[in-house]
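Chemist: For reference, the file my_file_13.cif (mmCIF, C-alpha atoms) is included below:
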data_start
loop_
_atom_site.label_atom_id
_atom_site.label_comp_id
_atom_site.auth_asym_id
_atom_site.auth_seq_id
_atom_site.Cartn_x
_atom_site.Cartn_y
_atom_site.Cartn_z
CA MET I 1 -17.28 -48.89 3.52
CA PRO I 2 -20.05 -50.44 1.40
CA LYS I 3 -19.95 -54.16 0.61
CA ILE I 4 -20.09 -55.80 -2.79
CA LEU I 5 -23.62 -56.93 -3.51
CA GLY I 6 -24.59 -60.07 -5.31
CA LEU I 7 -25.35 -63.77 -5.05
CA GLY I 8 -23.69 -66.90 -6.43
CA LEU I 9 -22.02 -66.38 -9.77
CA LEU I 10 -22.83 -62.66 -9.65
CA ILE I 11 -20.31 -62.29 -6.83
CA LEU I 12 -17.62 -64.10 -8.82
CA GLY I 13 -18.46 -62.15 -11.93
CA ALA I 14 -18.35 -58.84 -10.17
CA ALA I 15 -15.01 -59.67 -8.56
CA ALA I 16 -13.53 -60.74 -11.88
CA ALA I 17 -14.69 -57.58 -13.54
CA GLY I 18 -13.30 -55.39 -10.80
CA TRP I 19 -16.63 -53.75 -10.00
CA TRP I 20 -17.52 -52.26 -6.63
CA LEU I 21 -21.17 -51.39 -5.96
CA TRP I 22 -21.77 -48.57 -3.54
CA PRO I 23 -24.83 -48.45 -1.28
CA LYS I 24 -28.00 -46.85 -2.55
CA ASP I 25 -30.49 -45.04 -0.38
CA LYS I 26 -34.09 -46.11 -0.68
CA GLN I 27 -35.98 -44.02 -3.18
CA GLU I 28 -39.67 -43.26 -2.83
CA THR I 29 -41.59 -43.97 -6.01
CA VAL I 30 -44.62 -41.78 -6.67
CA GLU I 31 -47.14 -43.44 -8.95
CA PRO I 32 -49.06 -41.15 -11.32
CA LYS I 33 -52.72 -40.59 -10.61
CA PRO I 34 -54.92 -42.75 -12.84
CA GLU I 35 -56.88 -39.81 -14.19
CA ASN I 36 -55.38 -37.62 -16.91
CA THR I 37 -52.15 -39.62 -17.00
CA ALA I 38 -51.89 -39.18 -20.74
CA ASN I 39 -51.64 -35.44 -20.30
CA GLU I 40 -49.30 -35.42 -17.32
CA GLU I 41 -45.65 -34.75 -17.94
CA ARG I 42 -43.40 -37.58 -16.81
CA VAL I 43 -41.36 -36.54 -13.80
CA ARG I 44 -37.74 -36.06 -14.79
CA VAL I 45 -34.89 -36.70 -12.41
CA ASN I 46 -31.91 -34.65 -13.53
CA PRO I 47 -28.91 -36.96 -14.05
CA TYR I 48 -26.64 -34.41 -12.36
CA SER I 49 -28.72 -34.30 -9.18
CA ILE I 50 -27.47 -35.71 -5.89
CA ASP I 51 -30.35 -38.22 -5.92
CA SER I 52 -29.35 -39.49 -9.37
CA LEU I 53 -25.71 -39.83 -8.36
CA LYS I 54 -26.75 -41.79 -5.27
CA GLU I 55 -28.41 -44.34 -7.56
CA ARG I 56 -25.28 -44.95 -9.61
CA SER I 57 -22.76 -47.76 -9.16
CA TRP I 58 -19.06 -46.92 -9.05
CA ALA I 59 -16.20 -49.02 -10.35
CA SER I 60 -12.49 -48.86 -11.06
CA GLU I 61 -9.19 -50.63 -10.72
CA ILE I 62 -6.27 -48.46 -9.60
CA ILE I 63 -3.18 -49.39 -11.64
CA ILE I 64 0.37 -48.24 -10.97
CA GLU I 65 1.75 -46.66 -14.15
CA ARG I 66 5.22 -45.58 -13.00
CA LYS I 67 7.31 -44.52 -10.04
CA VAL I 68 7.81 -40.75 -9.84
CA ARG I 69 10.13 -40.14 -6.90
CA GLU I 70 11.37 -41.49 -3.59
CA THR I 71 11.87 -39.50 -0.41
CA GLY I 72 12.86 -40.45 3.09
CA GLY I 73 9.21 -40.69 4.12
CA PHE I 74 7.33 -42.02 1.11
CA ILE I 75 7.40 -43.21 -2.50
CA SER I 76 5.36 -41.44 -5.21
CA TYR I 77 3.68 -43.11 -8.17
CA VAL I 78 1.44 -42.07 -11.02
CA VAL I 79 -1.58 -44.38 -11.06
CA SER I 80 -4.50 -44.70 -13.45
CA PHE I 81 -8.14 -45.71 -13.25
CA GLU I 82 -11.26 -45.40 -15.41
CA SER I 83 -14.20 -43.07 -14.87
CA ASP I 84 -17.16 -43.04 -17.25
CA GLY I 85 -14.95 -44.83 -19.78
CA LEU I 86 -12.25 -42.16 -19.55
CA LYS I 87 -8.70 -42.98 -18.50
CA GLN I 88 -7.80 -40.88 -15.49
CA TYR I 89 -4.55 -40.35 -13.62
CA ALA I 90 -3.71 -39.59 -10.02
CA LEU I 91 -0.65 -39.10 -7.87
CA MET I 92 -0.23 -41.74 -5.16
CA ASN I 93 2.14 -41.34 -2.20
CA VAL I 94 2.81 -44.49 -0.17
CA PRO I 95 4.50 -44.11 3.22
CA ARG I 96 7.74 -45.98 3.80
CA GLY I 97 8.02 -48.54 6.55
CA ASP I 98 6.02 -51.57 7.58
CA THR I 99 2.43 -51.46 6.42
CA PRO I 100 0.15 -51.37 9.47
CA ALA I 101 -2.41 -54.10 10.08
CA GLY I 102 -5.32 -53.38 7.77
CA GLY I 103 -3.23 -51.11 5.54
CA TRP I 104 -2.36 -47.42 5.49
CA PRO I 105 -5.22 -44.99 6.12
CA VAL I 106 -6.03 -43.09 2.93
CA VAL I 107 -6.33 -39.35 2.29
CA ILE I 108 -7.87 -38.22 -0.99
CA VAL I 109 -6.65 -34.75 -1.99
CA ASN I 110 -9.27 -32.92 -4.07
CA HIS I 111 -7.46 -29.97 -5.59
CA GLY I 112 -8.84 -26.53 -6.35
CA TYR I 113 -9.16 -24.84 -9.72
CA ILE I 114 -6.02 -24.78 -11.83
CA GLU I 115 -6.13 -24.25 -15.59
CA PRO I 116 -6.37 -27.85 -16.86
CA GLU I 117 -3.50 -27.38 -19.30
CA VAL I 118 -1.31 -26.03 -16.48
CA PHE I 119 -2.22 -28.66 -13.88
CA SER I 120 0.43 -31.32 -13.23
CA THR I 121 -0.31 -34.81 -11.93
CA GLU I 122 3.16 -35.05 -10.44
CA ASN I 123 3.67 -31.52 -9.11
CA SER I 124 0.39 -29.72 -8.38
CA TYR I 125 -0.46 -29.82 -4.64
CA ILE I 126 2.81 -31.67 -4.13
CA ASN I 127 3.44 -30.20 -0.67
CA THR I 128 -0.01 -30.99 0.71
CA SER I 129 0.23 -34.53 -0.65
CA ALA I 130 3.70 -34.91 0.90
CA TYR I 131 2.52 -33.64 4.29
CA PHE I 132 -0.18 -36.28 4.61
CA ALA I 133 2.16 -39.05 3.40
CA ASN I 134 4.80 -38.06 5.95
CA ALA I 135 2.05 -38.22 8.59
CA GLY I 136 1.41 -41.88 7.75
CA PHE I 137 -1.38 -41.69 5.17
CA LEU I 138 -1.48 -43.22 1.71
CA VAL I 139 -2.38 -40.26 -0.49
CA LEU I 140 -4.39 -40.26 -3.71
CA LYS I 141 -4.63 -36.96 -5.60
CA PRO I 142 -6.86 -37.38 -8.68
CA ASP I 143 -6.35 -35.11 -11.69
CA TYR I 144 -10.07 -34.81 -12.60
CA ARG I 145 -11.04 -35.38 -16.21
CA GLY I 146 -9.37 -33.16 -18.80
CA HIS I 147 -6.46 -32.17 -16.53
CA ASP I 148 -2.89 -32.91 -17.61
CA LYS I 149 -3.10 -36.23 -19.48
CA SER I 150 -6.41 -37.40 -18.01
CA GLU I 151 -9.04 -37.93 -20.69
CA GLY I 152 -12.28 -35.99 -20.85
CA GLU I 153 -13.58 -32.47 -21.21
CA PRO I 154 -12.91 -29.87 -18.49
CA GLY I 155 -14.20 -26.32 -18.28
CA ARG I 156 -17.93 -27.05 -18.35
CA LEU I 157 -20.63 -25.73 -16.06
CA VAL I 158 -21.07 -29.29 -14.78
CA SER I 159 -17.36 -29.99 -14.45
CA ARG I 160 -17.26 -29.98 -10.66
CA ILE I 161 -20.09 -32.55 -10.70
CA ASN I 162 -18.13 -34.70 -13.15
CA TYR I 163 -15.03 -34.33 -10.99
CA ALA I 164 -16.96 -35.78 -8.04
CA VAL I 165 -17.90 -38.70 -10.30
CA ASP I 166 -14.20 -39.23 -11.03
CA VAL I 167 -13.40 -39.26 -7.32
CA LEU I 168 -16.21 -41.72 -6.55
CA ASN I 169 -15.03 -44.08 -9.29
CA MET I 170 -11.45 -43.89 -8.00
CA MET I 171 -12.63 -44.61 -4.45
CA ALA I 172 -14.29 -47.79 -5.69
CA GLY I 173 -10.83 -49.16 -6.49
CA ILE I 174 -9.37 -48.57 -3.02
CA PRO I 175 -10.57 -51.89 -1.51
CA ARG I 176 -8.35 -53.73 -4.01
CA LEU I 177 -5.39 -51.34 -3.76
CA GLU I 178 -2.47 -53.07 -2.09
CA GLY I 179 -1.47 -51.47 1.19
CA ALA I 180 -4.59 -49.28 1.49
CA ASN I 181 -7.07 -49.46 4.35
CA ALA I 182 -10.46 -49.06 2.68
CA GLU I 183 -12.12 -48.73 6.09
CA ARG I 184 -10.18 -45.54 6.84
CA ILE I 185 -10.66 -43.05 4.02
CA TYR I 186 -10.40 -39.30 4.65
CA MET I 187 -10.78 -36.35 2.33
CA TYR I 188 -9.17 -32.94 1.78
CA GLY I 189 -10.80 -30.37 -0.49
CA HIS I 190 -9.41 -26.95 -1.36
CA SER I 191 -11.50 -24.24 -3.03
CA MET I 192 -13.39 -25.95 -5.89
CA GLY I 193 -12.23 -29.21 -4.34
CA GLY I 194 -14.38 -28.30 -1.33
CA ASP I 195 -17.47 -28.51 -3.54
CA VAL I 196 -16.21 -31.81 -4.97
CA THR I 197 -15.64 -33.13 -1.45
CA LEU I 198 -19.08 -32.18 -0.13
CA ARG I 199 -20.73 -33.70 -3.19
CA VAL I 200 -18.90 -36.99 -2.58
CA LEU I 201 -19.92 -36.94 1.10
CA GLU I 202 -23.56 -36.41 0.12
CA VAL I 203 -23.59 -39.15 -2.50
CA CYS I 204 -21.80 -41.76 -0.39
CA ASP I 205 -22.32 -40.67 3.18
CA MET I 206 -20.61 -43.64 4.86
CA CYS I 207 -17.59 -43.88 2.56
CA VAL I 208 -15.38 -41.31 4.31
CA LYS I 209 -14.49 -41.08 8.01
CA ALA I 210 -13.78 -37.33 8.20
CA ALA I 211 -13.01 -34.45 5.85
CA THR I 212 -11.40 -31.02 5.72
CA LEU I 213 -12.44 -28.05 3.60
CA TRP I 214 -9.96 -25.27 2.82
CA ALA I 215 -11.47 -22.01 1.54
CA PRO I 216 -14.44 -23.98 0.19
CA ALA I 217 -15.93 -22.57 -3.02
CA VAL I 218 -19.38 -23.67 -1.97
CA THR I 219 -22.63 -21.75 -2.36
CA ALA I 220 -26.00 -22.40 -3.97
CA TRP I 221 -26.08 -23.85 -7.50
CA PRO I 222 -25.50 -22.50 -10.12
CA GLU I 223 -23.93 -19.44 -8.49
CA SER I 224 -21.12 -21.67 -7.23
CA ALA I 225 -19.93 -21.93 -10.84
CA LEU I 226 -21.24 -18.72 -12.42
CA TYR I 227 -19.63 -16.50 -9.77
CA PHE I 228 -16.15 -17.40 -10.95
CA ALA I 229 -17.06 -17.23 -14.64
CA ARG I 230 -18.28 -13.65 -14.18
CA ARG I 231 -15.05 -12.37 -12.67
CA ASN I 232 -12.74 -10.52 -15.03
CA SER I 233 -15.46 -10.76 -17.66
CA THR I 234 -13.65 -8.19 -19.82
CA ASP I 235 -11.26 -11.01 -20.73
CA PRO I 236 -12.55 -12.49 -24.03
CA LYS I 237 -11.77 -16.01 -22.86
CA ARG I 238 -13.76 -15.51 -19.67
CA ARG I 239 -16.65 -13.89 -21.56
CA GLU I 240 -16.81 -16.90 -23.83
CA ARG I 241 -16.78 -19.27 -20.87
CA LEU I 242 -19.57 -17.35 -19.11
CA ALA I 243 -21.73 -17.45 -22.27
CA ARG I 244 -21.06 -21.17 -22.59
CA PHE I 245 -21.98 -21.78 -18.94
CA GLU I 246 -25.23 -19.83 -19.30
CA GLN I 247 -26.17 -21.78 -22.42
CA GLU I 248 -25.35 -25.07 -20.73
CA LEU I 249 -27.48 -24.06 -17.76
CA LYS I 250 -30.50 -23.51 -20.02
CA GLU I 251 -29.98 -26.78 -21.88
CA LEU I 252 -29.35 -29.10 -18.92
CA PHE I 253 -31.31 -27.68 -15.99
CA ARG I 254 -34.66 -26.30 -15.02
CA PRO I 255 -34.75 -23.74 -12.19
CA GLU I 256 -36.73 -26.13 -10.01
CA GLU I 257 -33.85 -28.63 -10.30
CA TYR I 258 -31.16 -26.32 -8.95
CA LYS I 259 -31.50 -27.32 -5.30
CA GLY I 260 -31.34 -31.01 -6.14
CA VAL I 261 -28.03 -30.42 -7.93
CA SER I 262 -26.51 -28.10 -5.33
CA ALA I 263 -23.92 -29.43 -2.87
CA PHE I 264 -24.79 -26.50 -0.58
CA ASP I 265 -28.50 -27.34 -0.52
CA ASN I 266 -28.01 -31.01 0.36
CA LEU I 267 -25.77 -30.63 3.39
CA GLU I 268 -28.21 -32.59 5.55
CA LEU I 269 -26.83 -35.71 3.82
CA VAL I 270 -23.35 -35.17 5.29
CA ARG I 271 -22.63 -37.58 8.15
CA VAL I 272 -18.95 -37.05 8.95
CA PRO I 273 -16.98 -34.60 11.14
CA LEU I 274 -15.41 -31.68 9.30
CA ASN I 275 -12.69 -29.09 9.60
CA VAL I 276 -13.24 -25.80 7.76
CA HIS I 277 -10.29 -23.43 7.27
CA HIS I 278 -10.60 -19.94 5.76
CA GLY I 279 -8.35 -16.89 5.61
CA THR I 280 -10.02 -13.53 6.13
CA GLN I 281 -8.08 -11.98 3.22
CA ASP I 282 -9.00 -14.66 0.69
CA GLN I 283 -9.13 -12.91 -2.70
CA SER I 284 -10.53 -15.92 -4.57
CA VAL I 285 -13.39 -17.34 -2.51
CA PRO I 286 -15.35 -14.85 -0.39
CA TYR I 287 -14.65 -15.35 3.30
CA GLU I 288 -18.39 -14.87 3.86
CA TRP I 289 -19.04 -18.10 1.97
CA GLY I 290 -17.12 -19.98 4.65
CA GLU I 291 -19.09 -18.26 7.39
CA ILE I 292 -22.41 -19.02 5.71
CA LEU I 293 -21.40 -22.64 5.19
CA VAL I 294 -20.47 -23.27 8.82
CA ASN I 295 -23.62 -21.49 9.99
CA ARG I 296 -25.55 -23.99 7.89
CA PHE I 297 -23.56 -26.82 9.49
CA LYS I 298 -24.55 -25.43 12.88
CA GLU I 299 -28.23 -25.26 11.93
CA LEU I 300 -28.11 -28.89 10.82
CA GLY I 301 -26.29 -30.07 13.93
CA LEU I 302 -23.24 -31.30 12.03
CA GLY I 303 -19.94 -31.84 13.81
CA TYR I 304 -17.37 -29.31 12.65
CA ASN I 305 -14.43 -27.10 13.62
CA PHE I 306 -14.19 -23.69 11.97
CA TYR I 307 -10.71 -22.14 11.88
CA SER I 308 -10.52 -18.51 10.82
CA TYR I 309 -7.06 -17.15 9.96
CA SER I 310 -6.83 -13.38 10.31
CA GLY I 311 -5.08 -11.77 7.34
CA ASP I 312 -4.37 -15.07 5.60
CA ASN I 313 -4.96 -15.76 1.92
CA HIS I 314 -6.72 -18.32 -0.28
CA ASP I 315 -4.01 -20.93 0.25
CA ILE I 316 -3.77 -20.23 4.01
CA ALA I 317 -0.06 -19.81 3.35
CA GLY I 318 0.69 -18.15 6.67
CA ASN I 319 -0.87 -21.01 8.65
CA TRP I 320 -0.41 -23.86 6.19
CA GLY I 321 1.41 -26.29 8.50
CA ARG I 322 -0.79 -25.42 11.46
CA ALA I 323 -3.96 -26.10 9.47
CA LEU I 324 -2.69 -29.43 8.14
CA ALA I 325 -1.67 -30.50 11.64
CA ARG I 326 -5.25 -29.83 12.72
CA ASP I 327 -6.48 -32.01 9.87
CA VAL I 328 -4.20 -34.90 10.81
CA GLU I 329 -5.42 -34.57 14.40
CA LEU I 330 -9.05 -34.74 13.22
CA PHE I 331 -8.43 -37.76 11.01
CA ASN I 332 -6.66 -39.68 13.75
CA LYS I 333 -9.60 -39.07 16.10
CA PHE I 334 -11.85 -41.08 13.79
CA PRO I 335 -10.06 -44.34 12.95
#
Translate this structure into structure tokens?

Modeler:
Amino acid sequence: MPKILGLGLLILGAAAAGWWLWPKDKQETVEPKPENTANEERVRVNPYSIDSLKERSWASEIIIERKVRETGGFISYVVSFESDGLKQYALMNVPRGDTPAGGWPVVIVNHGYIEPEVFSTENSYINTSAYFANAGFLVLKPDYRGHDKSEGEPGRLVSRINYAVDVLNMMAGIPRLEGANAERIYMYGHSMGGDVTLRVLEVCDMCVKAATLWAPAVTAWPESALYFARRNSTDPKRRERLARFEQELKELFRPEEYKGVSAFDNLELVRVPLNVHHGTQDQSVPYEWGEILVNRFKELGLGYNFYSYSGDNHDIAGNWGRALARDVELFNKFP
């Protein structure tokens, strides 16, 4: 995990404010040529690009809001934190029993697309969150902005980028979260959450020990978002969303910036071992996307396991427990 930076009073001030500064890669600065500088357009770095996100600092304090439920294996809480000035909520499952030396290893559950007004902090992805808690992991499942009671605007073209920002801010609070081992953070991403997960791994490449991607909705930007907006485009609500996405694309991005924004096109920044699970009968995310993704992993020499489930669906329902057991096995291999 990255260390808090600062000297003297800056250290005390940062600690008092609850800020956690994440490492920044060195950035090459290109000076303009002396001739014709008045006529040259200043180089713009898109704020949604991976490079821009790598230059940001992340901060939060994770606060317990209330207890939700108790089971034989863990206790569930709703917790809150801030991201870009927005109050966000997450479900936290804490295993029962004596806290191990260094704290419980942490799994962050990045959920897939659910209509924000339907999503539930307490109940969405409840079984996946319970599985990891029963396996001895402290689980944090962030809402993402605009979901349930979390503040902010969902449903934008750039939403999945903003959701990664929310996750990164939440992660910054883990070192001060009682009972959590900030040196052992793992990540689960399903569908859209797979894009969120890869983006986090690219922005902060040493912050997570290992990750798993279930039916990852990952392809080149902006197709990764537009593909889903185009489906069922006879629905007036979906037509409106597609038009909004296309307008947002024109306003916020230039075509030459697409690769810098794309989680798929920055996979060389990923440094951690991965599991990838995909059912061949997935009706939501094309199975071919999973194949293309792992082929790219192979080209880059990344460490990964690809599990293909014949006849299984988007949620890998027929092999759900088997797939999660494989994830726990992967996580425990990289303490």

Chemist: Determine the residue set returned by the PyMOL selection byres ((chain I and resi 115) around 12) for the present structure, and present it as a list in words.

Modeler: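 Here the PyMOL selection byres ((chain I and resi 115) around 12) matches His111, Gly112, Tyr113, Ile114, Pro116, Glu117, Val118, Phe119, Ser120, Ser124, Asp143, Tyr144, Gly146, His147, Asp148, Pro154 and Gly155 of chain I.
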
Chemist: Using the selection just defined, write its residues with C-alpha atoms as an mmCIF file, keeping the file's coordinate frame.

Modeler:
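Result file follows (selection_19.cif):
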data_model
loop_
_atom_site.group_PDB
_atom_site.id
_atom_site.type_symbol
_atom_site.label_atom_id
_atom_site.label_comp_id
_atom_site.auth_asym_id
_atom_site.auth_seq_id
_atom_site.Cartn_x
_atom_site.Cartn_y
_atom_site.Cartn_z
ATOM 1 C CA HIS I 111 -7.460 -29.970 -5.590
ATOM 2 C CA GLY I 112 -8.840 -26.530 -6.350
ATOM 3 C CA TYR I 113 -9.160 -24.840 -9.720
ATOM 4 C CA ILE I 114 -6.020 -24.780 -11.830
ATOM 5 C CA PRO I 116 -6.370 -27.850 -16.860
ATOM 6 C CA GLU I 117 -3.500 -27.380 -19.300
ATOM 7 C CA VAL I 118 -1.310 -26.030 -16.480
ATOM 8 C CA PHE I 119 -2.220 -28.660 -13.880
ATOM 9 C CA SER I 120 0.430 -31.320 -13.230
ATOM 10 C CA SER I 124 0.390 -29.720 -8.380
ATOM 11 C CA ASP I 143 -6.350 -35.110 -11.690
ATOM 12 C CA TYR I 144 -10.070 -34.810 -12.600
ATOM 13 C CA GLY I 146 -9.370 -33.160 -18.800
ATOM 14 C CA HIS I 147 -6.460 -32.170 -16.530
ATOM 15 C CA ASP I 148 -2.890 -32.910 -17.610
ATOM 16 C CA PRO I 154 -12.910 -29.870 -18.490
ATOM 17 C CA GLY I 155 -14.200 -26.320 -18.280
#

Chemist: Please provide as a list in words all residues within 7 Å of segment 275-287 of chain I, with the sequence filter that same-chain residues fewer than 6 positions apart are discarded (counting all atoms listed in the file).

Modeler: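 My list of contacting residues is Ala211, Thr212, Leu213, Trp214, Ala215, Ala217, Tyr304, Asn305, Phe306, Tyr307, Ser308, Tyr309, Ser310, Gly311, Asp312, Asn313, His314, Ile316 and Asp327 of chain I.
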
Chemist: Extract, using all atoms listed in the file, all DNA, RNA and protein residues at most 8 Å from Asp265 of chain I, discarding same-chain residues fewer than 4 positions from it, and format them as a ChimeraX atom specification.

Modeler: /I:220,259-260

Chemist: Any idea what the distance is between atom CA of Leu324 of chain I and atom CA of Tyr188 of chain I?

Modeler: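 Atom-to-atom, atom CA of Leu324 of chain I and atom CA of Tyr188 of chain I are spaced 9.7 Å apart.
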
Chemist: The PyMOL selection byres ((chain I and resi 334) around 9) - which residues does that actually catch in the file I just gave you? List them as a list in words.

Modeler: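 Checking the PyMOL selection byres ((chain I and resi 334) around 9) against this file, the residues are Arg184, Lys209, Ala210, Pro273, Leu330, Phe331, Asn332, Lys333 and Pro335 of chain I.
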
Chemist: I'd like the interatomic distance between atom CA of Asp205 of chain I and atom CA of Val272 of chain I, to a tenth of an Å.

Modeler: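 Separating atom CA of Asp205 of chain I from atom CA of Val272 of chain I is a distance of 7.6 Å.
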
Chemist: Residues picked by the PyMOL selection byres ((chain I and resi 270) around 12) here, as a PyMOL selection string?

Modeler: chain I and resi 50+197-211+263-269+271-274+296-297+300-304

Chemist: Between atom CA of Ile161 of chain I and atom CA of Val196 of chain I, measure the distance and give it in Å to one decimal.

Modeler: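 Rounded to one decimal, the two atoms are 7.0 Å apart.
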
Chemist: When you look at Glu223 of chain I with a cut-off of 12 Å (counting only C-alpha atoms), what residues show up, excluding the ones that are within fewer than 4 positions of it in the same chain? I need them as a list in words.

Modeler: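 Final neighbour list, sorted by chain and number: Leu157, Ala217, Val218, Thr219, Tyr227, Phe228, Ala229, Arg230, Leu242, Phe245, Glu246, Leu249, Tyr258, Lys259, Val261, Ser262, Ala263, Phe264 and Trp289 of chain I.
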
Chemist: Considering all atoms listed in the file, can you say which of I:Asn295, I:Asn319, I:Ser83, I:Ser60 comes closest to Ala164 of chain I?

Modeler: I:Ser83

Chemist: With distances taken over all atoms listed in the file, which residue among I:Arg176, I:Arg160, I:Arg322, I:Arg56 lies nearest Gly194 of chain I?

Modeler: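 Once distances to Gly194 of chain I are computed over all atoms listed in the file, the minimum belongs to I:Arg160.
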
Chemist: Using all atoms listed in the file, what residues lie at most 12 Å away from (-27.4, -37.6, -17.0) (file coordinates), given as a PyMOL selection string?

Modeler: chain I and resi 44-53+55-56+84+158+161-162+165+252-253+261

Chemist: Could you give me, as a ChimeraX atom specification, the residues within 10 Å of Arg96 of chain I, counting all atoms listed in the file and dropping anything in the same chain fewer than 3 positions from it?

Modeler: /I:70-75,93,99,133-134,136,138

Chemist: Quick one: residues within 12 Å of Val79 of chain I, all atoms listed in the file counted, chain neighbours fewer than 6 positions away excluded, as a VMD selection string?

Modeler: chain I and resid 60 to 68 87 to 94 121 to 122 139 to 143 149 to 150 170 173 to 174 177

Chemist: Starting from 3 Å padding per side, set up an axis-aligned box that covers all listed atoms of segment 303-318 of chain I and hand over centre and edge lengths in Å, one decimal, as lines of an AutoDock Vina configuration file.

Modeler:
center_x = -9.6
center_y = -21.8
center_z = 6.8
size_x = 26.6
size_y = 26.1
size_z = 20.1

Chemist: Looking at all atoms listed in the file, which of I:Pro255, I:Gly97, I:Pro105, I:Gly290 is the one that sits closest to Asn181 of chain I?

Modeler: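 Answer, going by the shortest atom-to-atom distance: I:Pro105.
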
Chemist: When you count all atoms listed in the file, which of these residues is closest to Val109 of chain I: I:Ala325, I:Ala182, I:Leu226, I:Met171?

Modeler: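 That would be I:Met171, the residue with the smallest distance to Val109 of chain I.
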